[in-house]
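K.L.:
Got a structure for you, upload-v2.pdb, holding PDB, N, CA and C atoms.
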```
ATOM      1  N   MET A  24       1.956  -6.542 -35.135
ATOM      2  CA  MET A  24       1.693  -6.151 -33.760
ATOM      3  C   MET A  24       3.020  -5.806 -33.080
ATOM      4  N   ARG A  25       3.065  -4.666 -32.452
ATOM      5  CA  ARG A  25       4.255  -4.288 -31.699
ATOM      6  C   ARG A  25       4.256  -5.012 -30.357
ATOM      7  N   LEU A  26       5.421  -5.474 -29.971
ATOM      8  CA  LEU A  26       5.550  -6.125 -28.672
ATOM      9  C   LEU A  26       5.999  -5.071 -27.677
ATOM     10  N   THR A  27       5.087  -4.668 -26.837
ATOM     11  CA  THR A  27       5.344  -3.561 -25.923
ATOM     12  C   THR A  27       5.060  -3.956 -24.488
ATOM     13  N   GLU A  28       5.521  -3.097 -23.606
ATOM     14  CA  GLU A  28       5.168  -3.175 -22.192
ATOM     15  C   GLU A  28       4.605  -1.813 -21.815
ATOM     16  N   VAL A  29       3.613  -1.821 -20.951
ATOM     17  CA  VAL A  29       2.980  -0.589 -20.512
ATOM     18  C   VAL A  29       3.190  -0.475 -19.008
ATOM     19  N   LEU A  30       3.572   0.717 -18.564
ATOM     20  CA  LEU A  30       3.777   0.966 -17.137
ATOM     21  C   LEU A  30       2.584   1.744 -16.597
ATOM     22  N   LEU A  31       1.878   1.142 -15.652
ATOM     23  CA  LEU A  31       0.745   1.795 -15.006
ATOM     24  C   LEU A  31       1.259   2.402 -13.705
ATOM     25  N   ARG A  32       1.274   3.716 -13.661
ATOM     26  CA  ARG A  32       1.897   4.434 -12.534
ATOM     27  C   ARG A  32       0.936   4.811 -11.424
ATOM     28  N   ASN A  33      -0.339   4.936 -11.724
ATOM     29  CA  ASN A  33      -1.315   5.421 -10.749
ATOM     30  C   ASN A  33      -1.747   4.278  -9.836
ATOM     31  N   THR A  34      -0.845   3.880  -8.942
ATOM     32  CA  THR A  34      -1.087   2.710  -8.092
ATOM     33  C   THR A  34      -1.018   3.030  -6.603
ATOM     34  N   GLY A  35      -1.142   4.289  -6.263
ATOM     35  CA  GLY A  35      -1.108   4.677  -4.855
ATOM     36  C   GLY A  35       0.208   4.302  -4.209
ATOM     37  N   GLU A  36       0.129   3.614  -3.085
ATOM     38  CA  GLU A  36       1.326   3.209  -2.344
ATOM     39  C   GLU A  36       1.929   1.904  -2.857
ATOM     40  N   MET A  37       1.203   1.216  -3.710
ATOM     41  CA  MET A  37       1.680  -0.063  -4.252
ATOM     42  C   MET A  37       2.755   0.198  -5.311
ATOM     43  N   PRO A  38       3.625  -0.777  -5.553
ATOM     44  CA  PRO A  38       4.545  -0.642  -6.683
ATOM     45  C   PRO A  38       3.739  -0.483  -7.980
ATOM     46  N   MET A  39       4.360   0.094  -8.982
ATOM     47  CA  MET A  39       3.696   0.292 -10.262
ATOM     48  C   MET A  39       3.498  -1.053 -10.958
ATOM     49  N   VAL A  40       2.615  -1.067 -11.938
ATOM     50  CA  VAL A  40       2.288  -2.280 -12.681
ATOM     51  C   VAL A  40       2.982  -2.238 -14.038
ATOM     52  N   ARG A  41       3.698  -3.305 -14.345
ATOM     53  CA  ARG A  41       4.272  -3.484 -15.691
ATOM     54  C   ARG A  41       3.371  -4.472 -16.399
ATOM     55  N   PHE A  42       2.656  -3.979 -17.415
ATOM     56  CA  PHE A  42       1.767  -4.839 -18.181
ATOM     57  C   PHE A  42       2.539  -5.405 -19.364
ATOM     58  N   PRO A  43       2.796  -6.711 -19.376
ATOM     59  CA  PRO A  43       3.551  -7.332 -20.459
ATOM     60  C   PRO A  43       2.630  -7.681 -21.633
ATOM     61  N   HIS A  44       2.467  -6.749 -22.532
ATOM     62  CA  HIS A  44       1.528  -6.920 -23.634
ATOM     63  C   HIS A  44       1.824  -8.171 -24.460
ATOM     64  N   ARG A  45       3.092  -8.485 -24.677
ATOM     65  CA  ARG A  45       3.436  -9.581 -25.600
ATOM     66  C   ARG A  45       2.913 -10.941 -25.158
ATOM     67  N   GLN A  46       2.676 -11.137 -23.875
ATOM     68  CA  GLN A  46       2.191 -12.430 -23.407
ATOM     69  C   GLN A  46       0.706 -12.633 -23.704
ATOM     70  N   HIS A  47      -0.038 -11.577 -23.800
ATOM     71  CA  HIS A  47      -1.481 -11.693 -23.929
ATOM     72  C   HIS A  47      -1.962 -12.140 -25.314
ATOM     73  N   PRO A  48      -1.377 -11.682 -26.428
ATOM     74  CA  PRO A  48      -1.836 -12.166 -27.730
ATOM     75  C   PRO A  48      -1.517 -13.648 -27.977
ATOM     76  N   ALA A  49      -0.734 -14.259 -27.117
ATOM     77  CA  ALA A  49      -0.499 -15.698 -27.240
ATOM     78  C   ALA A  49      -1.800 -16.473 -26.989
ATOM     79  N   TRP A  50      -2.709 -15.889 -26.181
ATOM     80  CA  TRP A  50      -3.978 -16.536 -25.863
ATOM     81  C   TRP A  50      -5.169 -15.856 -26.520
ATOM     82  N   LEU A  51      -5.036 -14.566 -26.769
ATOM     83  CA  LEU A  51      -6.188 -13.760 -27.165
ATOM     84  C   LEU A  51      -5.977 -13.066 -28.497
ATOM     85  N   ASP A  52      -7.066 -12.775 -29.177
ATOM     86  CA  ASP A  52      -7.040 -11.924 -30.346
ATOM     87  C   ASP A  52      -7.147 -10.477 -29.860
ATOM     88  N   CYS A  53      -6.585  -9.546 -30.585
ATOM     89  CA  CYS A  53      -6.610  -8.129 -30.182
ATOM     90  C   CYS A  53      -8.024  -7.649 -29.872
ATOM     91  N   THR A  54      -9.004  -8.120 -30.651
ATOM     92  CA  THR A  54     -10.379  -7.659 -30.469
ATOM     93  C   THR A  54     -11.034  -8.190 -29.195
ATOM     94  N   ASN A  55     -10.372  -9.115 -28.480
ATOM     95  CA  ASN A  55     -10.897  -9.537 -27.181
ATOM     96  C   ASN A  55     -10.795  -8.418 -26.151
ATOM     97  N   CYS A  56      -9.788  -7.561 -26.305
ATOM     98  CA  CYS A  56      -9.544  -6.510 -25.314
ATOM     99  C   CYS A  56      -9.710  -5.094 -25.872
ATOM    100  N   HIS A  57      -9.401  -4.924 -27.155
ATOM    101  CA  HIS A  57      -9.441  -3.597 -27.789
ATOM    102  C   HIS A  57     -10.654  -3.485 -28.694
ATOM    103  N   PRO A  58     -11.019  -2.238 -29.064
ATOM    104  CA  PRO A  58     -12.210  -2.065 -29.908
ATOM    105  C   PRO A  58     -12.224  -3.062 -31.059
ATOM    106  N   PRO A  59     -13.411  -3.647 -31.283
ATOM    107  CA  PRO A  59     -14.722  -3.234 -30.788
ATOM    108  C   PRO A  59     -15.018  -3.632 -29.345
ATOM    109  N   ALA A  60     -14.236  -4.521 -28.725
ATOM    110  CA  ALA A  60     -14.419  -4.803 -27.296
ATOM    111  C   ALA A  60     -14.183  -3.504 -26.513
ATOM    112  N   THR A  61     -14.744  -3.417 -25.333
ATOM    113  CA  THR A  61     -14.674  -2.153 -24.588
ATOM    114  C   THR A  61     -13.749  -2.206 -23.377
ATOM    115  N   LEU A  62     -12.867  -3.207 -23.308
ATOM    116  CA  LEU A  62     -12.009  -3.314 -22.126
ATOM    117  C   LEU A  62     -10.941  -2.221 -22.065
ATOM    118  N   PHE A  63     -10.189  -2.058 -23.153
ATOM    119  CA  PHE A  63      -9.059  -1.139 -23.147
ATOM    120  C   PHE A  63      -8.984  -0.373 -24.465
ATOM    121  N   GLU A  64      -8.791   0.936 -24.372
ATOM    122  CA  GLU A  64      -8.530   1.737 -25.563
ATOM    123  C   GLU A  64      -7.160   1.340 -26.099
ATOM    124  N   GLN A  65      -6.883   1.618 -27.357
ATOM    125  CA  GLN A  65      -5.595   1.277 -27.940
ATOM    126  C   GLN A  65      -4.579   2.392 -27.788
ATOM    127  N   LYS A  66      -4.836   3.316 -26.894
ATOM    128  CA  LYS A  66      -3.899   4.401 -26.599
ATOM    129  C   LYS A  66      -3.507   4.293 -25.135
ATOM    130  N   ALA A  67      -2.220   4.178 -24.882
ATOM    131  CA  ALA A  67      -1.742   4.040 -23.498
ATOM    132  C   ALA A  67      -2.210   5.215 -22.658
ATOM    133  N   GLY A  68      -2.733   4.914 -21.496
ATOM    134  CA  GLY A  68      -3.189   5.941 -20.567
ATOM    135  C   GLY A  68      -4.625   6.386 -20.783
ATOM    136  N   ALA A  69      -5.282   5.896 -21.833
ATOM    137  CA  ALA A  69      -6.636   6.350 -22.152
ATOM    138  C   ALA A  69      -7.728   5.600 -21.386
ATOM    139  N   THR A  70      -7.395   4.472 -20.798
ATOM    140  CA  THR A  70      -8.388   3.655 -20.100
ATOM    141  C   THR A  70      -8.205   3.790 -18.602
ATOM    142  N   ARG A  71      -9.289   4.088 -17.915
ATOM    143  CA  ARG A  71      -9.251   4.177 -16.459
ATOM    144  C   ARG A  71      -9.286   2.767 -15.884
ATOM    145  N   ILE A  72      -8.285   2.436 -15.096
ATOM    146  CA  ILE A  72      -8.214   1.115 -14.467
ATOM    147  C   ILE A  72      -7.993   1.345 -12.974
ATOM    148  N   ASN A  73      -8.770   0.655 -12.158
ATOM    149  CA  ASN A  73      -8.517   0.721 -10.718
ATOM    150  C   ASN A  73      -8.894  -0.612 -10.096
ATOM    151  N   LEU A  74      -8.475  -0.815  -8.882
ATOM    152  CA  LEU A  74      -8.661  -2.099  -8.218
ATOM    153  C   LEU A  74     -10.138  -2.448  -8.052
ATOM    154  N   LEU A  75     -10.990  -1.473  -7.797
ATOM    155  CA  LEU A  75     -12.414  -1.754  -7.647
ATOM    156  C   LEU A  75     -12.989  -2.351  -8.938
ATOM    157  N   LEU A  76     -12.617  -1.765 -10.089
ATOM    158  CA  LEU A  76     -13.073  -2.316 -11.365
ATOM    159  C   LEU A  76     -12.551  -3.743 -11.556
ATOM    160  N   ILE A  77     -11.284  -3.945 -11.244
ATOM    161  CA  ILE A  77     -10.670  -5.268 -11.424
ATOM    162  C   ILE A  77     -11.340  -6.301 -10.520
ATOM    163  N   LEU A  78     -11.539  -5.952  -9.251
ATOM    164  CA  LEU A  78     -12.187  -6.877  -8.309
ATOM    165  C   LEU A  78     -13.644  -7.138  -8.671
ATOM    166  N   SER A  79     -14.244  -6.213  -9.414
ATOM    167  CA  SER A  79     -15.632  -6.376  -9.873
ATOM    168  C   SER A  79     -15.718  -7.195 -11.158
ATOM    169  N   GLY A  80     -14.574  -7.710 -11.620
ATOM    170  CA  GLY A  80     -14.565  -8.532 -12.815
ATOM    171  C   GLY A  80     -14.500  -7.743 -14.106
ATOM    172  N   GLU A  81     -14.116  -6.489 -14.009
ATOM    173  CA  GLU A  81     -13.964  -5.665 -15.202
ATOM    174  C   GLU A  81     -12.474  -5.484 -15.497
ATOM    175  N   LYS A  82     -12.168  -4.943 -16.665
ATOM    176  CA  LYS A  82     -10.786  -4.690 -17.109
ATOM    177  C   LYS A  82      -9.960  -5.964 -16.910
ATOM    178  N   CYS A  83      -8.843  -5.898 -16.225
ATOM    179  CA  CYS A  83      -7.963  -7.060 -16.013
ATOM    180  C   CYS A  83      -8.693  -8.185 -15.287
ATOM    181  N   GLY A  84      -9.653  -7.813 -14.440
ATOM    182  CA  GLY A  84     -10.387  -8.788 -13.635
ATOM    183  C   GLY A  84     -11.305  -9.695 -14.425
ATOM    184  N   LEU A  85     -11.528  -9.384 -15.695
ATOM    185  CA  LEU A  85     -12.350 -10.261 -16.512
ATOM    186  C   LEU A  85     -11.693 -11.627 -16.650
ATOM    187  N   CYS A  86     -10.361 -11.652 -16.779
ATOM    188  CA  CYS A  86      -9.629 -12.928 -16.899
ATOM    189  C   CYS A  86      -8.892 -13.290 -15.618
ATOM    190  N   HIS A  87      -8.230 -12.318 -15.007
ATOM    191  CA  HIS A  87      -7.461 -12.622 -13.797
ATOM    192  C   HIS A  87      -8.431 -12.842 -12.646
ATOM    193  N   GLY A  88      -8.266 -13.979 -12.048
ATOM    194  CA  GLY A  88      -9.201 -14.400 -11.023
ATOM    195  C   GLY A  88     -10.209 -15.391 -11.577
ATOM    196  N   ALA A  89     -10.237 -15.540 -12.912
ATOM    197  CA  ALA A  89     -11.151 -16.499 -13.539
ATOM    198  C   ALA A  89     -10.348 -17.552 -14.311
ATOM    199  N   VAL A  90      -9.670 -17.149 -15.382
ATOM    200  CA  VAL A  90      -8.914 -18.096 -16.202
ATOM    201  C   VAL A  90      -7.416 -17.839 -16.179
ATOM    202  N   ALA A  91      -6.995 -16.734 -15.608
ATOM    203  CA  ALA A  91      -5.571 -16.410 -15.492
ATOM    204  C   ALA A  91      -5.195 -16.448 -14.014
ATOM    205  N   PHE A  92      -3.935 -16.133 -13.704
ATOM    206  CA  PHE A  92      -3.531 -16.234 -12.296
ATOM    207  C   PHE A  92      -4.424 -15.373 -11.408
ATOM    208  N   PRO A  93      -4.592 -15.757 -10.136
ATOM    209  CA  PRO A  93      -5.552 -15.088  -9.255
ATOM    210  C   PRO A  93      -5.121 -13.685  -8.835
ATOM    211  N   LEU A  94      -6.112 -12.901  -8.475
ATOM    212  CA  LEU A  94      -5.887 -11.521  -8.056
ATOM    213  C   LEU A  94      -5.167 -11.414  -6.718
ATOM    214  N   THR A  95      -5.052 -12.495  -5.998
ATOM    215  CA  THR A  95      -4.359 -12.474  -4.709
ATOM    216  C   THR A  95      -2.839 -12.430  -4.867
ATOM    217  N   GLU A  96      -2.351 -12.643  -6.068
ATOM    218  CA  GLU A  96      -0.906 -12.610  -6.326
ATOM    219  C   GLU A  96      -0.507 -11.204  -6.783
ATOM    220  N   CYS A  97      -0.668 -10.242  -5.891
ATOM    221  CA  CYS A  97      -0.492  -8.817  -6.200
ATOM    222  C   CYS A  97       0.842  -8.493  -6.868
ATOM    223  N   LYS A  98       1.909  -9.079  -6.365
ATOM    224  CA  LYS A  98       3.247  -8.728  -6.846
ATOM    225  C   LYS A  98       3.537  -9.211  -8.259
ATOM    226  N   ARG A  99       2.691 -10.082  -8.786
ATOM    227  CA  ARG A  99       2.888 -10.487 -10.177
ATOM    228  C   ARG A  99       2.607  -9.324 -11.119
ATOM    229  N   CYS A 100       1.742  -8.431 -10.729
ATOM    230  CA  CYS A 100       1.474  -7.236 -11.536
ATOM    231  C   CYS A 100       2.169  -6.013 -10.933
ATOM    232  N   HIS A 101       2.013  -5.820  -9.649
ATOM    233  CA  HIS A 101       2.631  -4.684  -8.958
ATOM    234  C   HIS A 101       4.095  -5.011  -8.680
ATOM    235  N   SER A 102       4.917  -4.914  -9.732
ATOM    236  CA  SER A 102       6.290  -5.415  -9.655
ATOM    237  C   SER A 102       7.373  -4.367  -9.867
ATOM    238  N   VAL A 103       6.991  -3.125 -10.120
ATOM    239  CA  VAL A 103       7.988  -2.108 -10.450
ATOM    240  C   VAL A 103       8.038  -1.053  -9.346
ATOM    241  N   ASP A 104       9.104  -1.085  -8.563
ATOM    242  CA  ASP A 104       9.288  -0.065  -7.527
ATOM    243  C   ASP A 104       9.674   1.260  -8.168
ATOM    244  N   ARG A 105       9.173   2.328  -7.598
ATOM    245  CA  ARG A 105       9.513   3.659  -8.107
ATOM    246  C   ARG A 105      11.017   3.894  -7.986
ATOM    247  N   ASP A 106      11.581   4.488  -9.017
ATOM    248  CA  ASP A 106      13.011   4.803  -9.114
ATOM    249  C   ASP A 106      13.902   3.559  -9.176
ATOM    250  N   SER A 107      13.324   2.407  -9.434
ATOM    251  CA  SER A 107      14.113   1.190  -9.611
ATOM    252  C   SER A 107      14.716   1.196 -11.018
ATOM    253  N   PRO A 108      15.688   0.321 -11.275
ATOM    254  CA  PRO A 108      16.236   0.235 -12.638
ATOM    255  C   PRO A 108      15.155  -0.051 -13.688
ATOM    256  N   GLU A 109      14.191  -0.899 -13.343
ATOM    257  CA  GLU A 109      13.124  -1.186 -14.312
ATOM    258  C   GLU A 109      12.274   0.051 -14.578
ATOM    259  N   HIS A 110      11.967   0.815 -13.546
ATOM    260  CA  HIS A 110      11.225   2.063 -13.717
ATOM    261  C   HIS A 110      12.017   3.021 -14.608
ATOM    262  N   LYS A 111      13.292   3.135 -14.349
ATOM    263  CA  LYS A 111      14.143   4.032 -15.143
ATOM    264  C   LYS A 111      14.274   3.572 -16.588
ATOM    265  N   ALA A 112      14.121   2.279 -16.842
ATOM    266  CA  ALA A 112      14.207   1.760 -18.207
ATOM    267  C   ALA A 112      13.078   2.289 -19.089
ATOM    268  N   PHE A 113      11.998   2.745 -18.493
ATOM    269  CA  PHE A 113      10.919   3.345 -19.271
ATOM    270  C   PHE A 113      11.260   4.779 -19.672
ATOM    271  N   ALA A 114      12.292   5.355 -19.083
ATOM    272  CA  ALA A 114      12.805   6.678 -19.457
ATOM    273  C   ALA A 114      11.709   7.734 -19.529
ATOM    274  N   GLY A 115      10.826   7.750 -18.560
ATOM    275  CA  GLY A 115       9.788   8.761 -18.505
ATOM    276  C   GLY A 115       8.544   8.442 -19.324
ATOM    277  N   ALA A 116       8.597   7.410 -20.152
ATOM    278  CA  ALA A 116       7.453   7.030 -20.967
ATOM    279  C   ALA A 116       6.579   6.045 -20.214
ATOM    280  N   ILE A 117       5.374   5.793 -20.716
ATOM    281  CA  ILE A 117       4.542   4.760 -20.118
ATOM    282  C   ILE A 117       4.490   3.512 -21.003
ATOM    283  N   VAL A 118       5.047   3.607 -22.212
ATOM    284  CA  VAL A 118       5.123   2.454 -23.118
ATOM    285  C   VAL A 118       6.551   2.330 -23.598
ATOM    286  N   ARG A 119       7.029   1.098 -23.681
ATOM    287  CA  ARG A 119       8.353   0.860 -24.246
ATOM    288  C   ARG A 119       8.310  -0.425 -25.055
ATOM    289  N   GLU A 120       9.254  -0.540 -25.973
ATOM    290  CA  GLU A 120       9.381  -1.793 -26.698
ATOM    291  C   GLU A 120       9.809  -2.851 -25.700
ATOM    292  N   ALA A 121       9.221  -3.998 -25.791
ATOM    293  CA  ALA A 121       9.544  -5.079 -24.858
ATOM    294  C   ALA A 121      10.949  -5.589 -25.129
ATOM    295  N   PRO A 122      11.713  -5.878 -24.074
ATOM    296  CA  PRO A 122      13.025  -6.493 -24.269
ATOM    297  C   PRO A 122      12.873  -7.848 -24.965
ATOM    298  N   ALA A 123      13.869  -8.248 -25.686
ATOM    299  CA  ALA A 123      13.828  -9.544 -26.369
ATOM    300  C   ALA A 123      13.677 -10.661 -25.347
ATOM    301  N   PRO A 124      12.892 -11.689 -25.688
ATOM    302  CA  PRO A 124      12.677 -12.798 -24.729
ATOM    303  C   PRO A 124      13.936 -13.603 -24.510
TER     304      PRO A 124
END
```
Can you turn what I pasted into structure tokens?

P.N.:
Amino acid sequence: MRLTEVLLRNTGEMPMVRFPHRQHPAWLDCTNCHPPATLFEQKAGATRINLLLILSGEKCGLCHGAVAFPLTECKRCHSVDRDSPEHKAFAGAIVREAPAP
């Protein structure tokens, strides 16, 4: 399994979301989120995610707000300001290898 981070840019006026993939397999098997499960495609950018889906308990909202940190902690996900050093570290890509822990 590659340890990656995914940058979700389509966040309107909110900071972008850095999805830390490496933390999730510590609790979950890949098939909990990826096919045959229907939460997320295994291709970055292929899954439509929006706040309405999340608040409805779909996508990220299936766990966040239930067994993971609550959805009221917006900045835990919306943590990457546009044109910040972290944004620039993605070098125009939406997926990057995760920095060493």

K.L.:
Taking only C-alpha atoms into account, name the residue in A:His47, A:Gly68, A:Met39, A:Lys111 that is nearest to Cys86 in chain A.

P.N.:
A:His47

K.L.:
Find, counting only N, CA and C atoms, the residue in A:Val118, A:Cys53, A:Val40, A:Leu85 that gets nearest to Arg99 in chain A.

P.N.:
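Ranking A:Val118, A:Cys53, A:Val40, A:Leu85 by distance to Arg99 in chain A, first place goes to A:Val40.
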
K.L.:
Rounded to one decimal place, report the atom C of Cys97 in chain A-atom N of Pro59 in chain A distance in Å.

P.N.:
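Answer for the atom C of Cys97 in chain A to atom N of Pro59 in chain A separation: 28.7 Å.
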
K.L.:
Name the closest residue to Met37 in chain A among the candidates A:Ile117, A:Lys98, A:Asp106, A:Gly88; distances are taken between atoms, counting only C-alpha atoms.

P.N.:
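Using only C-alpha atoms, the shortest distance to Met37 in chain A belongs to A:Lys98.
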
K.L.:
Would you list the contacts of Val103 in chain A as a list in words, taking every protein, DNA or RNA residue within 9 Å and counting only C-alpha atoms, but skipping same-chain residues closer than 6 positions in sequence?

P.N.:
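Here the qualifying residues turn out to be Leu30, Pro38, Met39, Val40, Arg41, Glu109 and His110 of chain A.
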
K.L.:
Mind writing the picked residues with N, CA and C atoms as a JSON list (two decimals), in the coordinates of the input?

P.N.:
```json
[["chain", "number", "residue", "atom", "x", "y", "z"],
["A", 30, "LEU", "N", 3.57, 0.72, -18.56],
["A", 30, "LEU", "CA", 3.78, 0.97, -17.14],
["A", 30, "LEU", "C", 2.58, 1.74, -16.60],
["A", 38, "PRO", "N", 3.62, -0.78, -5.55],
["A", 38, "PRO", "CA", 4.54, -0.64, -6.68],
["A", 38, "PRO", "C", 3.74, -0.48, -7.98],
["A", 39, "MET", "N", 4.36, 0.09, -8.98],
["A", 39, "MET", "CA", 3.70, 0.29, -10.26],
["A", 39, "MET", "C", 3.50, -1.05, -10.96],
["A", 40, "VAL", "N", 2.62, -1.07, -11.94],
["A", 40, "VAL", "CA", 2.29, -2.28, -12.68],
["A", 40, "VAL", "C", 2.98, -2.24, -14.04],
["A", 41, "ARG", "N", 3.70, -3.30, -14.34],
["A", 41, "ARG", "CA", 4.27, -3.48, -15.69],
["A", 41, "ARG", "C", 3.37, -4.47, -16.40],
["A", 109, "GLU", "N", 14.19, -0.90, -13.34],
["A", 109, "GLU", "CA", 13.12, -1.19, -14.31],
["A", 109, "GLU", "C", 12.27, 0.05, -14.58],
["A", 110, "HIS", "N", 11.97, 0.82, -13.55],
["A", 110, "HIS", "CA", 11.22, 2.06, -13.72],
["A", 110, "HIS", "C", 12.02, 3.02, -14.61]]
```

K.L.:
Let me have the centre and edge lengths in Å, one decimal, of the box along x, y and z around every listed atom of range 84-97 of chain A with 4 Å of margin on each side, as lines of an AutoDock Vina configuration file.

P.N.:
```
center_x = -5.8
center_y = -13.0
center_z = -10.8
size_x = 21.2
size_y = 18.3
size_z = 20.2
```

K.L.:
Can you list every residue in chain A that DSSP puts in helix (DSSP H, G or I), as an MDAnalysis selection string?

P.N.:
chainID A and resid 44:49 53:55 74:78 82:85 97:99 108:112

K.L.:
What parts of chain A does DSSP call strand (DSSP E)? I'd like the answer as a list in words.

P.N.:
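Matching residues, listed in order: Thr27, Glu28, Val29, Leu30, Leu31, Met39, Val40, Arg41, Phe42, Pro43, His101, Ser102, Val103, Val118, Arg119 and Glu120 of chain A.
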
K.L.:
Using Å and a single decimal, report how far CA of Ala69 in chain A sits from CA of Ala116 in chain A.

P.N.:
14.2 Å

K.L.:
What separation in Å, quoted to one decimal, exists between atom C of Thr61 in chain A and atom C of Lys82 in chain A?

P.N.:
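Distance reported for this atom pair: 8.4 Å.
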
K.L.:
Which polymer residues, whether protein, DNA or RNA, lie within 12 Å of the coordinate (-13.0, -4.1, -11.4) when you count only C-alpha atoms? List them as a VMD selection string, using the chain letters and numbers from the file.

P.N.:
chain A and resid 62 71 to 88 94

K.L.:
Neighbours of Phe42 in chain A within 6.5 Å (only N, CA and C atoms; same-chain residues fewer than 3 positions away dropped), as a PyMOL selection string?

P.N.:
chain A and resi 27-31+45
